[in-house]
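Below is work-v5.cif, holding mmCIF, C-alpha atoms.
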data_upload
loop_
_atom_site.label_atom_id
_atom_site.label_comp_id
_atom_site.auth_asym_id
_atom_site.auth_seq_id
_atom_site.Cartn_x
_atom_site.Cartn_y
_atom_site.Cartn_z
CA MET A 1 -28.06 -80.20 -7.40
CA LYS A 2 -30.18 -77.09 -7.09
CA HIS A 3 -29.75 -74.74 -4.16
CA ARG A 4 -32.79 -75.19 -1.93
CA ILE A 5 -34.28 -72.04 -0.45
CA VAL A 6 -37.04 -72.60 2.11
CA VAL A 7 -39.14 -69.67 3.29
CA LEU A 8 -41.04 -70.18 6.54
CA GLY A 9 -44.19 -68.08 6.64
CA ALA A 10 -46.19 -66.39 3.89
CA GLY A 11 -47.12 -63.15 5.58
CA TYR A 12 -45.97 -59.77 4.32
CA ALA A 13 -42.26 -60.53 4.83
CA GLY A 14 -42.27 -64.15 3.69
CA SER A 15 -44.39 -63.63 0.57
CA TYR A 16 -42.26 -60.70 -0.50
CA ALA A 17 -39.02 -62.61 0.07
CA ALA A 18 -40.16 -65.69 -1.84
CA GLY A 19 -41.53 -63.74 -4.79
CA THR A 20 -38.51 -61.46 -5.10
CA LEU A 21 -36.06 -64.36 -4.87
CA ALA A 22 -37.98 -66.13 -7.63
CA ARG A 23 -37.79 -62.94 -9.67
CA ARG A 24 -34.04 -62.49 -9.24
CA LEU A 25 -32.56 -66.01 -9.18
CA SER A 26 -32.43 -68.48 -12.05
CA PRO A 27 -34.68 -71.54 -11.63
CA ALA A 28 -31.91 -73.55 -13.27
CA ASP A 29 -29.90 -73.23 -10.06
CA THR A 30 -32.47 -72.70 -7.30
CA GLU A 31 -35.55 -74.32 -5.86
CA ILE A 32 -37.81 -72.15 -3.67
CA THR A 33 -40.36 -73.62 -1.25
CA VAL A 34 -42.74 -71.64 0.96
CA VAL A 35 -44.18 -73.26 4.09
CA ASN A 36 -47.30 -71.70 5.60
CA ALA A 37 -49.85 -73.02 8.08
CA GLU A 38 -52.82 -71.49 6.24
CA PRO A 39 -53.69 -71.90 2.55
CA ASP A 40 -54.43 -68.21 2.07
CA PHE A 41 -52.65 -64.91 2.50
CA VAL A 42 -53.73 -63.16 5.68
CA GLN A 43 -53.95 -59.38 5.61
CA ARG A 44 -52.92 -59.09 9.22
CA LEU A 45 -53.23 -55.32 9.17
CA ARG A 46 -56.94 -55.75 8.44
CA LEU A 47 -57.79 -58.44 11.00
CA HIS A 48 -59.50 -55.89 13.24
CA GLN A 49 -61.82 -55.19 10.31
CA LEU A 50 -62.47 -58.90 9.85
CA ALA A 51 -63.30 -59.29 13.55
CA ALA A 52 -65.64 -56.29 13.40
CA GLY A 53 -67.69 -58.02 10.70
CA GLN A 54 -66.26 -56.77 7.42
CA GLU A 55 -65.28 -58.94 4.47
CA ILE A 56 -61.53 -58.95 3.86
CA GLU A 57 -59.88 -60.33 0.75
CA ALA A 58 -57.74 -63.41 1.40
CA PRO A 59 -56.04 -64.60 -1.81
CA GLN A 60 -55.26 -68.30 -2.03
CA LEU A 61 -51.50 -68.81 -1.87
CA ALA A 62 -51.74 -71.50 -4.54
CA ASP A 63 -53.08 -68.83 -6.89
CA VAL A 64 -50.58 -66.22 -5.71
CA PHE A 65 -47.59 -68.46 -6.47
CA ALA A 66 -49.04 -70.10 -9.60
CA GLY A 67 -46.65 -69.82 -12.52
CA THR A 68 -43.77 -68.48 -10.41
CA GLY A 69 -41.94 -71.75 -9.92
CA ILE A 70 -42.37 -71.39 -6.16
CA ARG A 71 -43.47 -74.56 -4.37
CA LEU A 72 -46.10 -74.20 -1.66
CA ARG A 73 -46.32 -76.52 1.33
CA VAL A 74 -49.38 -75.89 3.52
CA ALA A 75 -48.16 -77.19 6.86
CA ARG A 76 -47.27 -76.08 10.35
CA VAL A 77 -43.59 -75.66 11.23
CA THR A 78 -42.83 -77.68 14.35
CA GLY A 79 -39.06 -77.38 14.58
CA ILE A 80 -35.74 -76.65 12.91
CA ASP A 81 -32.50 -78.61 13.01
CA PRO A 82 -29.91 -76.08 11.79
CA GLU A 83 -27.06 -78.59 12.00
CA ARG A 84 -28.77 -81.04 9.64
CA GLN A 85 -30.38 -78.14 7.76
CA VAL A 86 -33.91 -79.51 7.92
CA VAL A 87 -37.29 -78.10 8.95
CA ALA A 88 -39.84 -80.33 10.66
CA VAL A 89 -43.39 -79.77 9.41
CA ALA A 90 -46.80 -81.22 10.18
CA ASP A 91 -49.99 -81.14 8.16
CA PRO A 92 -53.21 -83.09 8.79
CA GLY A 93 -52.27 -86.71 9.39
CA CYS A 94 -48.71 -86.30 8.18
CA ARG A 95 -45.33 -85.24 9.54
CA GLY A 96 -42.17 -84.79 7.59
CA GLU A 97 -38.99 -82.83 6.98
CA LEU A 98 -37.84 -80.33 4.40
CA GLY A 99 -34.16 -79.89 3.70
CA TYR A 100 -32.70 -76.48 2.93
CA ASP A 101 -29.46 -74.85 1.92
CA THR A 102 -30.71 -71.34 2.72
CA LEU A 103 -33.52 -70.71 5.19
CA VAL A 104 -35.64 -67.56 5.43
CA TYR A 105 -37.41 -67.44 8.80
CA ALA A 106 -40.50 -65.21 8.59
CA LEU A 107 -42.99 -66.86 10.95
CA GLY A 108 -44.10 -63.54 12.42
CA SER A 109 -45.60 -63.10 15.86
CA ARG A 110 -48.68 -63.95 17.89
CA GLY A 111 -50.56 -62.48 20.82
CA ALA A 112 -48.74 -62.38 24.15
CA ASP A 113 -50.67 -62.95 27.37
CA HIS A 114 -47.74 -61.87 29.59
CA GLY A 115 -48.70 -64.56 32.08
CA VAL A 116 -51.99 -62.87 33.03
CA PRO A 117 -54.36 -65.55 34.38
CA GLY A 118 -57.35 -66.34 32.23
CA VAL A 119 -56.22 -64.68 29.01
CA ALA A 120 -55.61 -67.93 27.14
CA GLU A 121 -58.90 -69.44 28.33
CA HIS A 122 -61.28 -66.50 28.12
CA ALA A 123 -59.92 -63.69 25.95
CA PHE A 124 -60.02 -63.23 22.18
CA ASP A 125 -57.20 -61.85 20.06
CA ILE A 126 -56.76 -60.73 16.46
CA ALA A 127 -53.18 -61.88 15.92
CA ALA A 128 -54.30 -64.54 13.42
CA ARG A 129 -57.24 -65.12 11.10
CA PRO A 130 -58.79 -68.06 13.06
CA SER A 131 -58.78 -66.09 16.33
CA ALA A 132 -60.19 -63.01 14.59
CA MET A 133 -63.00 -65.17 13.19
CA ARG A 134 -63.78 -66.52 16.66
CA LEU A 135 -64.12 -62.97 17.93
CA ARG A 136 -66.33 -62.11 14.96
CA GLU A 137 -68.64 -65.00 15.77
CA ARG A 138 -68.84 -63.86 19.39
CA LEU A 139 -69.67 -60.30 18.36
CA ASP A 140 -72.31 -61.64 15.96
CA SER A 141 -73.97 -63.45 18.87
CA LEU A 142 -73.98 -60.29 20.98
CA ASP A 143 -75.33 -58.21 18.12
CA SER A 144 -78.21 -60.61 17.48
CA PRO A 145 -81.24 -60.96 19.81
CA ASP A 146 -81.61 -64.63 18.88
CA GLY A 147 -77.98 -65.20 19.78
CA ARG A 148 -78.58 -64.03 23.33
CA ASP A 149 -81.54 -66.27 24.20
CA GLY A 150 -84.09 -63.82 22.84
CA ARG A 151 -82.83 -60.87 24.88
CA GLN A 152 -82.25 -57.43 23.42
CA ALA A 153 -79.08 -57.26 21.35
CA GLY A 154 -76.07 -55.59 22.92
CA GLY A 155 -73.21 -56.36 25.24
CA ASN A 156 -69.96 -55.12 26.76
CA VAL A 157 -66.76 -55.48 24.76
CA LEU A 158 -63.52 -54.79 26.61
CA VAL A 159 -60.38 -54.19 24.56
CA VAL A 160 -57.29 -54.56 26.76
CA GLY A 161 -54.22 -52.77 25.44
CA ASP A 162 -53.87 -49.27 24.03
CA GLY A 163 -51.19 -49.90 21.45
CA LEU A 164 -51.99 -49.44 17.78
CA THR A 165 -53.79 -52.79 17.56
CA GLY A 166 -55.97 -52.03 20.56
CA ILE A 167 -56.89 -48.56 19.32
CA GLU A 168 -57.76 -49.81 15.84
CA THR A 169 -59.75 -52.74 17.21
CA ALA A 170 -61.80 -50.68 19.68
CA THR A 171 -62.68 -47.96 17.17
CA GLU A 172 -63.44 -50.44 14.37
CA ILE A 173 -65.82 -52.49 16.52
CA ALA A 174 -67.51 -49.36 17.86
CA GLU A 175 -68.10 -48.00 14.35
CA SER A 176 -69.18 -51.31 12.79
CA ARG A 177 -71.36 -52.44 15.71
CA PRO A 178 -72.91 -49.36 17.36
CA GLY A 179 -75.23 -51.58 19.41
CA LEU A 180 -72.31 -52.82 21.49
CA SER A 181 -70.67 -50.97 24.37
CA VAL A 182 -66.91 -50.77 23.78
CA THR A 183 -64.34 -49.97 26.46
CA LEU A 184 -60.62 -49.50 25.76
CA ILE A 185 -58.37 -50.25 28.73
CA ALA A 186 -55.07 -48.35 28.70
CA ARG A 187 -52.27 -49.14 31.10
CA GLY A 188 -51.02 -45.55 30.89
CA GLU A 189 -52.18 -42.41 29.11
CA LEU A 190 -54.14 -43.07 25.93
CA GLY A 191 -51.93 -42.61 22.88
CA ALA A 192 -48.89 -41.72 24.99
CA PRO A 193 -46.36 -42.18 22.12
CA LEU A 194 -48.28 -39.72 19.91
CA SER A 195 -47.90 -35.97 19.67
CA ALA A 196 -50.21 -33.77 21.74
CA GLY A 197 -52.35 -32.95 18.72
CA ALA A 198 -52.67 -36.59 17.68
CA ARG A 199 -53.63 -37.57 21.22
CA SER A 200 -56.38 -34.98 21.19
CA HIS A 201 -57.58 -36.25 17.82
CA LEU A 202 -57.65 -39.80 19.17
CA ARG A 203 -59.72 -38.77 22.19
CA ARG A 204 -62.21 -36.95 19.98
CA ALA A 205 -62.52 -40.05 17.78
CA CYS A 206 -63.21 -42.27 20.80
CA ASP A 207 -65.83 -39.80 22.05
CA ARG A 208 -67.47 -39.64 18.63
CA LEU A 209 -67.63 -43.43 18.36
CA GLY A 210 -68.76 -43.92 21.95
CA VAL A 211 -65.63 -45.75 23.07
CA THR A 212 -65.16 -45.53 26.83
CA VAL A 213 -61.49 -45.13 27.76
CA ARG A 214 -60.10 -46.29 31.11
CA GLU A 215 -56.56 -45.00 31.54
CA HIS A 216 -53.92 -46.07 34.06
CA THR A 217 -55.66 -49.41 34.50
CA HIS A 218 -53.75 -52.67 34.97
CA VAL A 219 -55.60 -55.93 34.30
CA GLU A 220 -54.66 -58.70 36.73
CA ALA A 221 -56.97 -61.49 35.54
CA VAL A 222 -59.53 -62.31 32.87
CA GLU A 223 -62.58 -64.43 33.65
CA ALA A 224 -65.40 -65.66 31.44
CA ALA A 225 -67.68 -62.68 32.07
CA ARG A 226 -65.49 -60.09 33.75
CA VAL A 227 -62.06 -58.53 34.04
CA LEU A 228 -60.30 -57.97 37.36
CA CYS A 229 -58.15 -54.85 37.72
CA ALA A 230 -55.25 -54.18 40.08
CA ASP A 231 -57.12 -51.38 41.86
CA GLY A 232 -59.96 -53.76 42.77
CA THR A 233 -62.27 -52.67 39.97
CA VAL A 234 -64.32 -55.45 38.39
CA LEU A 235 -65.53 -54.83 34.83
CA ALA A 236 -68.31 -56.90 33.29
CA SER A 237 -67.43 -58.24 29.87
CA ASP A 238 -69.29 -60.23 27.25
CA ALA A 239 -66.18 -60.34 25.06
CA THR A 240 -62.66 -59.47 26.20
CA VAL A 241 -60.22 -58.71 23.40
CA TRP A 242 -56.55 -59.00 24.39
CA THR A 243 -54.24 -56.71 22.39
CA ALA A 244 -51.59 -56.06 25.05
CA GLY A 245 -48.56 -56.98 22.98
CA PHE A 246 -47.12 -59.63 20.69
CA ALA A 247 -44.55 -62.40 21.04
CA VAL A 248 -42.78 -64.77 18.66
CA ALA A 249 -43.09 -68.54 18.67
CA PRO A 250 -40.36 -70.46 20.56
CA ILE A 251 -39.28 -72.42 17.46
CA ALA A 252 -36.16 -70.35 16.78
CA ALA A 253 -35.05 -70.45 20.41
CA THR A 254 -35.53 -74.20 20.80
CA SER A 255 -33.71 -74.89 17.52
CA GLY A 256 -30.43 -73.48 18.81
CA LEU A 257 -30.45 -70.27 16.78
CA GLU A 258 -29.15 -67.31 18.74
CA VAL A 259 -32.11 -65.26 19.91
CA THR A 260 -32.75 -62.28 22.13
CA GLY A 261 -34.53 -62.44 25.46
CA ASN A 262 -37.92 -62.26 23.78
CA GLY A 263 -37.13 -65.05 21.31
CA ARG A 264 -36.49 -62.95 18.19
CA ILE A 265 -33.59 -64.08 15.99
CA ALA A 266 -30.41 -62.06 16.44
CA VAL A 267 -29.27 -60.90 12.98
CA ASP A 268 -26.56 -58.72 11.51
CA ARG A 269 -27.14 -55.72 9.28
CA THR A 270 -28.04 -57.99 6.35
CA MET A 271 -30.65 -60.01 8.32
CA ARG A 272 -28.29 -62.98 8.52
CA SER A 273 -28.38 -65.01 11.72
CA VAL A 274 -25.34 -64.22 13.85
CA SER A 275 -25.07 -67.89 14.82
CA HIS A 276 -26.03 -69.72 11.61
CA PRO A 277 -24.96 -67.94 8.41
CA ASN A 278 -27.30 -69.84 6.09
CA VAL A 279 -30.36 -68.66 8.05
CA TYR A 280 -31.95 -65.25 7.48
CA ALA A 281 -34.82 -63.68 9.38
CA ALA A 282 -37.35 -61.08 8.30
CA GLY A 283 -40.42 -59.41 9.76
CA ASP A 284 -41.45 -59.70 13.40
CA SER A 285 -39.15 -62.71 13.91
CA ALA A 286 -36.01 -60.65 13.32
CA TYR A 287 -34.31 -58.56 15.98
CA ALA A 288 -32.88 -55.96 13.65
CA ILE A 289 -31.24 -52.69 14.64
CA GLY A 290 -32.48 -49.80 12.57
CA ASP A 291 -30.56 -46.86 11.18
CA ASN A 292 -31.39 -44.90 14.34
CA GLY A 293 -29.60 -47.47 16.52
CA GLN A 294 -32.84 -48.82 17.99
CA PRO A 295 -34.56 -52.17 17.33
CA LEU A 296 -37.10 -52.02 14.52
CA PRO A 297 -40.63 -52.40 15.90
CA MET A 298 -42.87 -55.29 14.91
CA SER A 299 -44.75 -53.77 11.97
CA CYS A 300 -45.62 -54.20 8.30
CA ALA A 301 -43.11 -51.48 7.41
CA SER A 302 -40.36 -53.35 9.24
CA ALA A 303 -41.35 -56.50 7.36
CA GLY A 304 -40.75 -54.67 4.10
CA TYR A 305 -37.37 -53.28 5.09
CA THR A 306 -36.04 -56.51 6.61
CA GLY A 307 -37.46 -58.68 3.83
CA ARG A 308 -35.82 -56.52 1.17
CA GLN A 309 -32.46 -56.56 2.96
CA ALA A 310 -32.58 -60.33 3.45
CA VAL A 311 -33.29 -60.88 -0.24
CA ASP A 312 -30.46 -58.57 -1.29
CA ALA A 313 -28.07 -60.45 1.00
CA ILE A 314 -29.12 -63.88 -0.21
CA VAL A 315 -28.84 -62.88 -3.86
CA GLY A 316 -25.47 -61.28 -3.21
CA HIS A 317 -24.05 -64.29 -1.37
CA LEU A 318 -25.29 -66.79 -3.94
CA THR A 319 -24.31 -64.87 -7.07
CA GLY A 320 -21.15 -63.14 -5.91
CA ARG A 321 -22.66 -59.67 -6.26
CA GLU A 322 -22.19 -56.77 -3.92
CA ILE A 323 -24.68 -56.69 -1.05
CA PRO A 324 -26.27 -53.25 -0.67
CA ASN A 325 -27.16 -51.89 2.76
CA GLY A 326 -30.75 -50.85 2.31
CA THR A 327 -32.68 -48.48 4.54
CA LEU A 328 -33.74 -49.79 7.91
CA GLU A 329 -35.85 -47.00 9.29
CA TYR A 330 -38.87 -46.35 11.43
CA VAL A 331 -40.64 -43.29 10.09
CA GLY A 332 -43.99 -43.34 11.84
CA ASN A 333 -47.38 -44.97 12.33
CA HIS A 334 -50.61 -45.09 10.37
CA ILE A 335 -53.55 -45.65 12.70
CA SER A 336 -57.08 -46.32 11.43
CA LEU A 337 -59.99 -45.07 13.54
CA GLY A 338 -62.80 -46.83 11.74
CA ARG A 339 -63.22 -46.51 7.98
CA ARG A 340 -63.43 -42.71 7.70
CA ASP A 341 -60.87 -41.46 10.20
CA GLY A 342 -57.24 -42.04 10.99
CA ILE A 343 -53.95 -40.64 12.24
CA LEU A 344 -50.63 -40.41 10.42
CA GLN A 345 -47.92 -39.74 13.02
CA MET A 346 -44.36 -39.31 11.83
CA VAL A 347 -41.38 -39.73 14.18
CA ASP A 348 -37.91 -38.23 14.32
CA GLY A 349 -34.52 -39.94 14.31
CA GLU A 350 -34.93 -40.90 17.96
CA ALA A 351 -38.32 -42.51 17.27
CA GLU A 352 -40.09 -39.68 19.11
CA ALA A 353 -43.32 -38.27 17.71
CA LYS A 354 -42.95 -35.11 15.66
CA PRO A 355 -45.21 -32.23 16.72
CA LYS A 356 -47.29 -32.27 13.54
CA TYR A 357 -49.61 -35.06 12.50
CA LEU A 358 -52.22 -35.74 9.83
CA GLY A 359 -55.70 -36.79 10.92
CA GLY A 360 -59.17 -37.41 9.52
CA ARG A 361 -60.29 -38.77 6.18
CA LYS A 362 -57.05 -37.97 4.38
CA ALA A 363 -55.05 -40.05 6.87
CA ALA A 364 -57.58 -42.87 6.51
CA ARG A 365 -57.28 -42.76 2.72
CA ILE A 366 -53.48 -42.87 2.89
CA LYS A 367 -53.53 -45.97 5.08
CA GLU A 368 -56.14 -47.59 2.83
CA GLY A 369 -53.87 -46.93 -0.15
CA ILE A 370 -50.89 -48.50 1.61
CA LEU A 371 -52.92 -51.61 2.47
CA LYS A 372 -54.17 -51.98 -1.10
CA MET A 373 -50.64 -51.57 -2.46
CA SER A 374 -49.31 -54.18 -0.02
CA LEU A 375 -52.01 -56.66 -1.05
CA TRP A 376 -51.39 -56.05 -4.75
CA ALA A 377 -47.64 -56.55 -4.34
CA THR A 378 -48.21 -59.79 -2.43
CA SER A 379 -50.70 -61.05 -5.01
CA HIS A 380 -48.23 -60.41 -7.85
CA PRO A 381 -44.97 -61.78 -6.40
CA THR A 382 -43.05 -61.95 -9.65
CA PHE A 383 -44.42 -58.88 -11.41
CA GLY A 384 -41.80 -57.53 -13.80
CA LEU A 385 -40.03 -60.90 -14.02
CA PRO A 386 -36.79 -60.29 -15.96
CA LYS A 387 -36.02 -62.41 -19.00
CA ARG A 388 -32.55 -63.22 -17.65
CA ARG A 389 -32.22 -64.04 -13.97
CA HIS A 390 -29.00 -64.36 -12.00
CA ARG A 391 -27.16 -67.66 -12.04
CA LEU A 392 -25.39 -68.90 -8.92
CA ALA A 393 -21.69 -68.14 -8.68
CA ALA A 394 -20.80 -71.66 -7.48
CA ALA A 395 -22.32 -74.96 -6.52
CA PRO A 396 -24.37 -74.74 -3.32
CA ASN A 397 -22.80 -75.72 -0.02
CA VAL A 398 -24.86 -78.78 0.90
CA PRO A 399 -24.81 -81.00 4.00
CA ALA A 400 -22.56 -84.05 3.75
CA GLU A 401 -25.48 -86.50 3.97
CA ARG A 402 -27.21 -84.83 1.06
CA ALA A 403 -24.06 -84.85 -1.08
CA ALA A 404 -23.56 -88.53 -0.28
CA ALA A 405 -27.11 -89.31 -1.37
#
Represent the structure of the file as structure tokens.
Amino acid sequence: MKHRIVVLGAGYAGSYAAGTLARRLSPADTEITVVNAEPDFVQRLRLHQLAAGQEIEAPQLADVFAGTGIRLRVARVTGIDPERQVVAVADPGCRGELGYDTLVYALGSRGADHGVPGVAEHAFDIAARPSAMRLRERLDSLDSPDGRDGRQAGGNVLVVGDGLTGIETATEIAESRPGLSVTLIARGELGAPLSAGARSHLRRACDRLGVTVREHTHVEAVEAARVLCADGTVLASDATVWTAGFAVAPIAATSGLEVTGNGRIAVDRTMRSVSHPNVYAAGDSAYAIGDNGQPLPMSCASAGYTGRQAVDAIVGHLTGREIPNGTLEYVGNHISLGRRDGILQMVDGEAEAKPKYLGGRKAARIKEGILKMSLWATSHPTFGLPKRRHRLAAAPNVPAERAAA
């Protein structure tokens, strides 16, 4: 029987893991299946562009994995039974189970409302393609006179959250839709984790784009047409965009895998679950400690590092090869400020911003290049496929019920 590898999620981490495993392991011994809720690859790092009204490439996963030997199952993951080694999935009108011998958990993260009343009912987010499209449709209606009952186009857009996602969203909307009034609500100082120079650059960019910044403002509730702040301020809003953090789905926690307080899977240095050794985690779902002794942040860069380490560990365990300890580092942030401006902020070994930064068009071009490279790598998962791939060292360790069958 072939060793069944199931990869949950086809984002940056999951697509990389599936493609690289297919490139390194012999199909004579292994069977790789990818489960993803959407049929296309979502460039999550560009969802703020999609929401702002730009066209973003979304390759069909069926085309991405064509000819690789990877099986694609377009379905939603509803649960995991790690004792039976099965994944429960649901697609339109059908529920079922997928058995696995090795599981790669890369389901990513979603927007977190932090229990603030009204966020789920009234706010938009850009944590997934469907929600980004809903925001886009709302912005289209505000930007169109006919969409506002014949009134003059325009409206108030409030972006709550001054992390990287909030900054990129506010500046992108302001640049793409100058007819809208954009306000960025920051709980503390705008760009607090950045160096002094980068913070100044960020403020100049917001001024140039007409983004109003409200610092030291805590949102207590979101309503259909306004936002209520802790200091009693009431802000009118035609579209409230919630970017105040991300959280993982509860699937790992409810399955019995050992997780941290925020639901991320606890893993060792090789991305192997500390409670279930045939489960690996990568991307936002993994609680991985970096080389600096601090947890890796949820980011595309972390997805690359953790995905690569998970693949190396799986290949090593299955083929009897030595498992290398790859780099797990956090080197900095690339922040887009519209299409023609950006900030590249490097950090030191303690994850503190270095004094120098790169800003302007050059920083924007660097980030654009990284995004294009990431998309190309995802769209060519088995590029450089070797003629001879590794065979498994021994027969896979399968559940008793499968062996009996």
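Non-sequential neighbours of A:Ala170 (distance at most 10 Å, separation of 2 or more positions within a chain, only C-alpha atoms) are His48, Ala52, Val157, Leu158, Val159, Val160, Gly161, Asp162, Thr165, Gly166, Ile167, Glu168, Glu172, Ile173, Ala174, Glu175, Val182, Thr183, Leu184, Ile185, Cys206, Leu209, Gly210, Val211, Thr212, Val213, Val241, Leu337 and Gly338 of chain A.
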Residue contacts of A:His390 (7 Å, all atoms listed in the file) excluding same-chain residues fewer than 4 positions away, as a VMD selection string: chain A and resid 24 to 26 319
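Between atom CA of A:Val35 and atom CA of A:Arg73 lies a distance of 4.8 Å.
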Spatial sel., origin (-36.5, -61.0, 20.1), limit 12 Å, only C-alpha atoms, listed as number ranges by chain: A: 108-109, 246-250, 252-253, 257-267, 281-289, 295-298
Close residues, A:Asp348 itself excluded, 10 Å, all atoms listed in the file, min 3 positions apart in chain, as a PyMOL selection string: chain A and resi 292+330-332+351-355
Long-range neighbours of stretch 110-116 of chain A as a ChimeraX atom specification, 8 Å cut-off, all atoms listed in the file, 4 positions minimum in chain: /A:120,125-128,219-222,242-249
Close residues, A:Val77 itself excluded, 8 Å, only C-alpha atoms, min 5 positions apart in chain, as a list in words: Leu8, Val35, Asn36, Ala37, Val87, Ala88, Val89 and Ala90 of chain A
Between atom CA of A:Gly188 and atom CA of A:Thr217 - distance in Å to one decimal: 7.0 Å
Expansion of the PyMOL selection byres ((chain A and resi 334) around 8) into residues, as number ranges by chain: A: 332-333, 335-336, 342-345, 363, 367
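Going from atom CA of A:Asp91 to atom CA of A:Ala75 covers 4.5 Å.
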Selection result for the PyMOL selection byres ((chain A and resi 224) around 12) on this file, as a PDB file with C-alpha atoms, in the coordinates of the input:
ATOM      1  CA  PRO A 117     -54.360 -65.550  34.380  1.00  0.00           C
ATOM      2  CA  GLY A 118     -57.350 -66.340  32.230  1.00  0.00           C
ATOM      3  CA  VAL A 119     -56.220 -64.680  29.010  1.00  0.00           C
ATOM      4  CA  ALA A 120     -55.610 -67.930  27.140  1.00  0.00           C
ATOM      5  CA  GLU A 121     -58.900 -69.440  28.330  1.00  0.00           C
ATOM      6  CA  HIS A 122     -61.280 -66.500  28.120  1.00  0.00           C
ATOM      7  CA  ALA A 123     -59.920 -63.690  25.950  1.00  0.00           C
ATOM      8  CA  PHE A 124     -60.020 -63.230  22.180  1.00  0.00           C
ATOM      9  CA  ALA A 221     -56.970 -61.490  35.540  1.00  0.00           C
ATOM     10  CA  VAL A 222     -59.530 -62.310  32.870  1.00  0.00           C
ATOM     11  CA  GLU A 223     -62.580 -64.430  33.650  1.00  0.00           C
ATOM     12  CA  ALA A 225     -67.680 -62.680  32.070  1.00  0.00           C
ATOM     13  CA  ARG A 226     -65.490 -60.090  33.750  1.00  0.00           C
ATOM     14  CA  VAL A 227     -62.060 -58.530  34.040  1.00  0.00           C
ATOM     15  CA  LEU A 228     -60.300 -57.970  37.360  1.00  0.00           C
ATOM     16  CA  LEU A 235     -65.530 -54.830  34.830  1.00  0.00           C
ATOM     17  CA  ALA A 236     -68.310 -56.900  33.290  1.00  0.00           C
ATOM     18  CA  SER A 237     -67.430 -58.240  29.870  1.00  0.00           C
ATOM     19  CA  ASP A 238     -69.290 -60.230  27.250  1.00  0.00           C
ATOM     20  CA  ALA A 239     -66.180 -60.340  25.060  1.00  0.00           C
ATOM     21  CA  THR A 240     -62.660 -59.470  26.200  1.00  0.00           C
ATOM     22  CA  VAL A 241     -60.220 -58.710  23.400  1.00  0.00           C
TER      23      VAL A 241
END
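Ranking A:Met1, A:Ala303, A:Ile80, A:Val42 by their shortest atom-to-atom distance to A:Gly256, with all atoms listed in the file included, puts A:Ile80 first.
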The PyMOL selection byres ((chain A and resi 28) around 12) applied to the shown file, residues as a list in words: Met1, Lys2, His3, Arg4, Ala22, Arg24, Leu25, Ser26, Pro27, Asp29, Thr30, Glu31, Ile32, Gly69, Arg388, Arg389, His390, Arg391, Leu392 and Ala395 of chain A
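Among the candidates A:Lys362, A:Val86, A:Leu371, A:Met133, the one nearest to A:Cys300 when counting all atoms listed in the file is A:Leu371.
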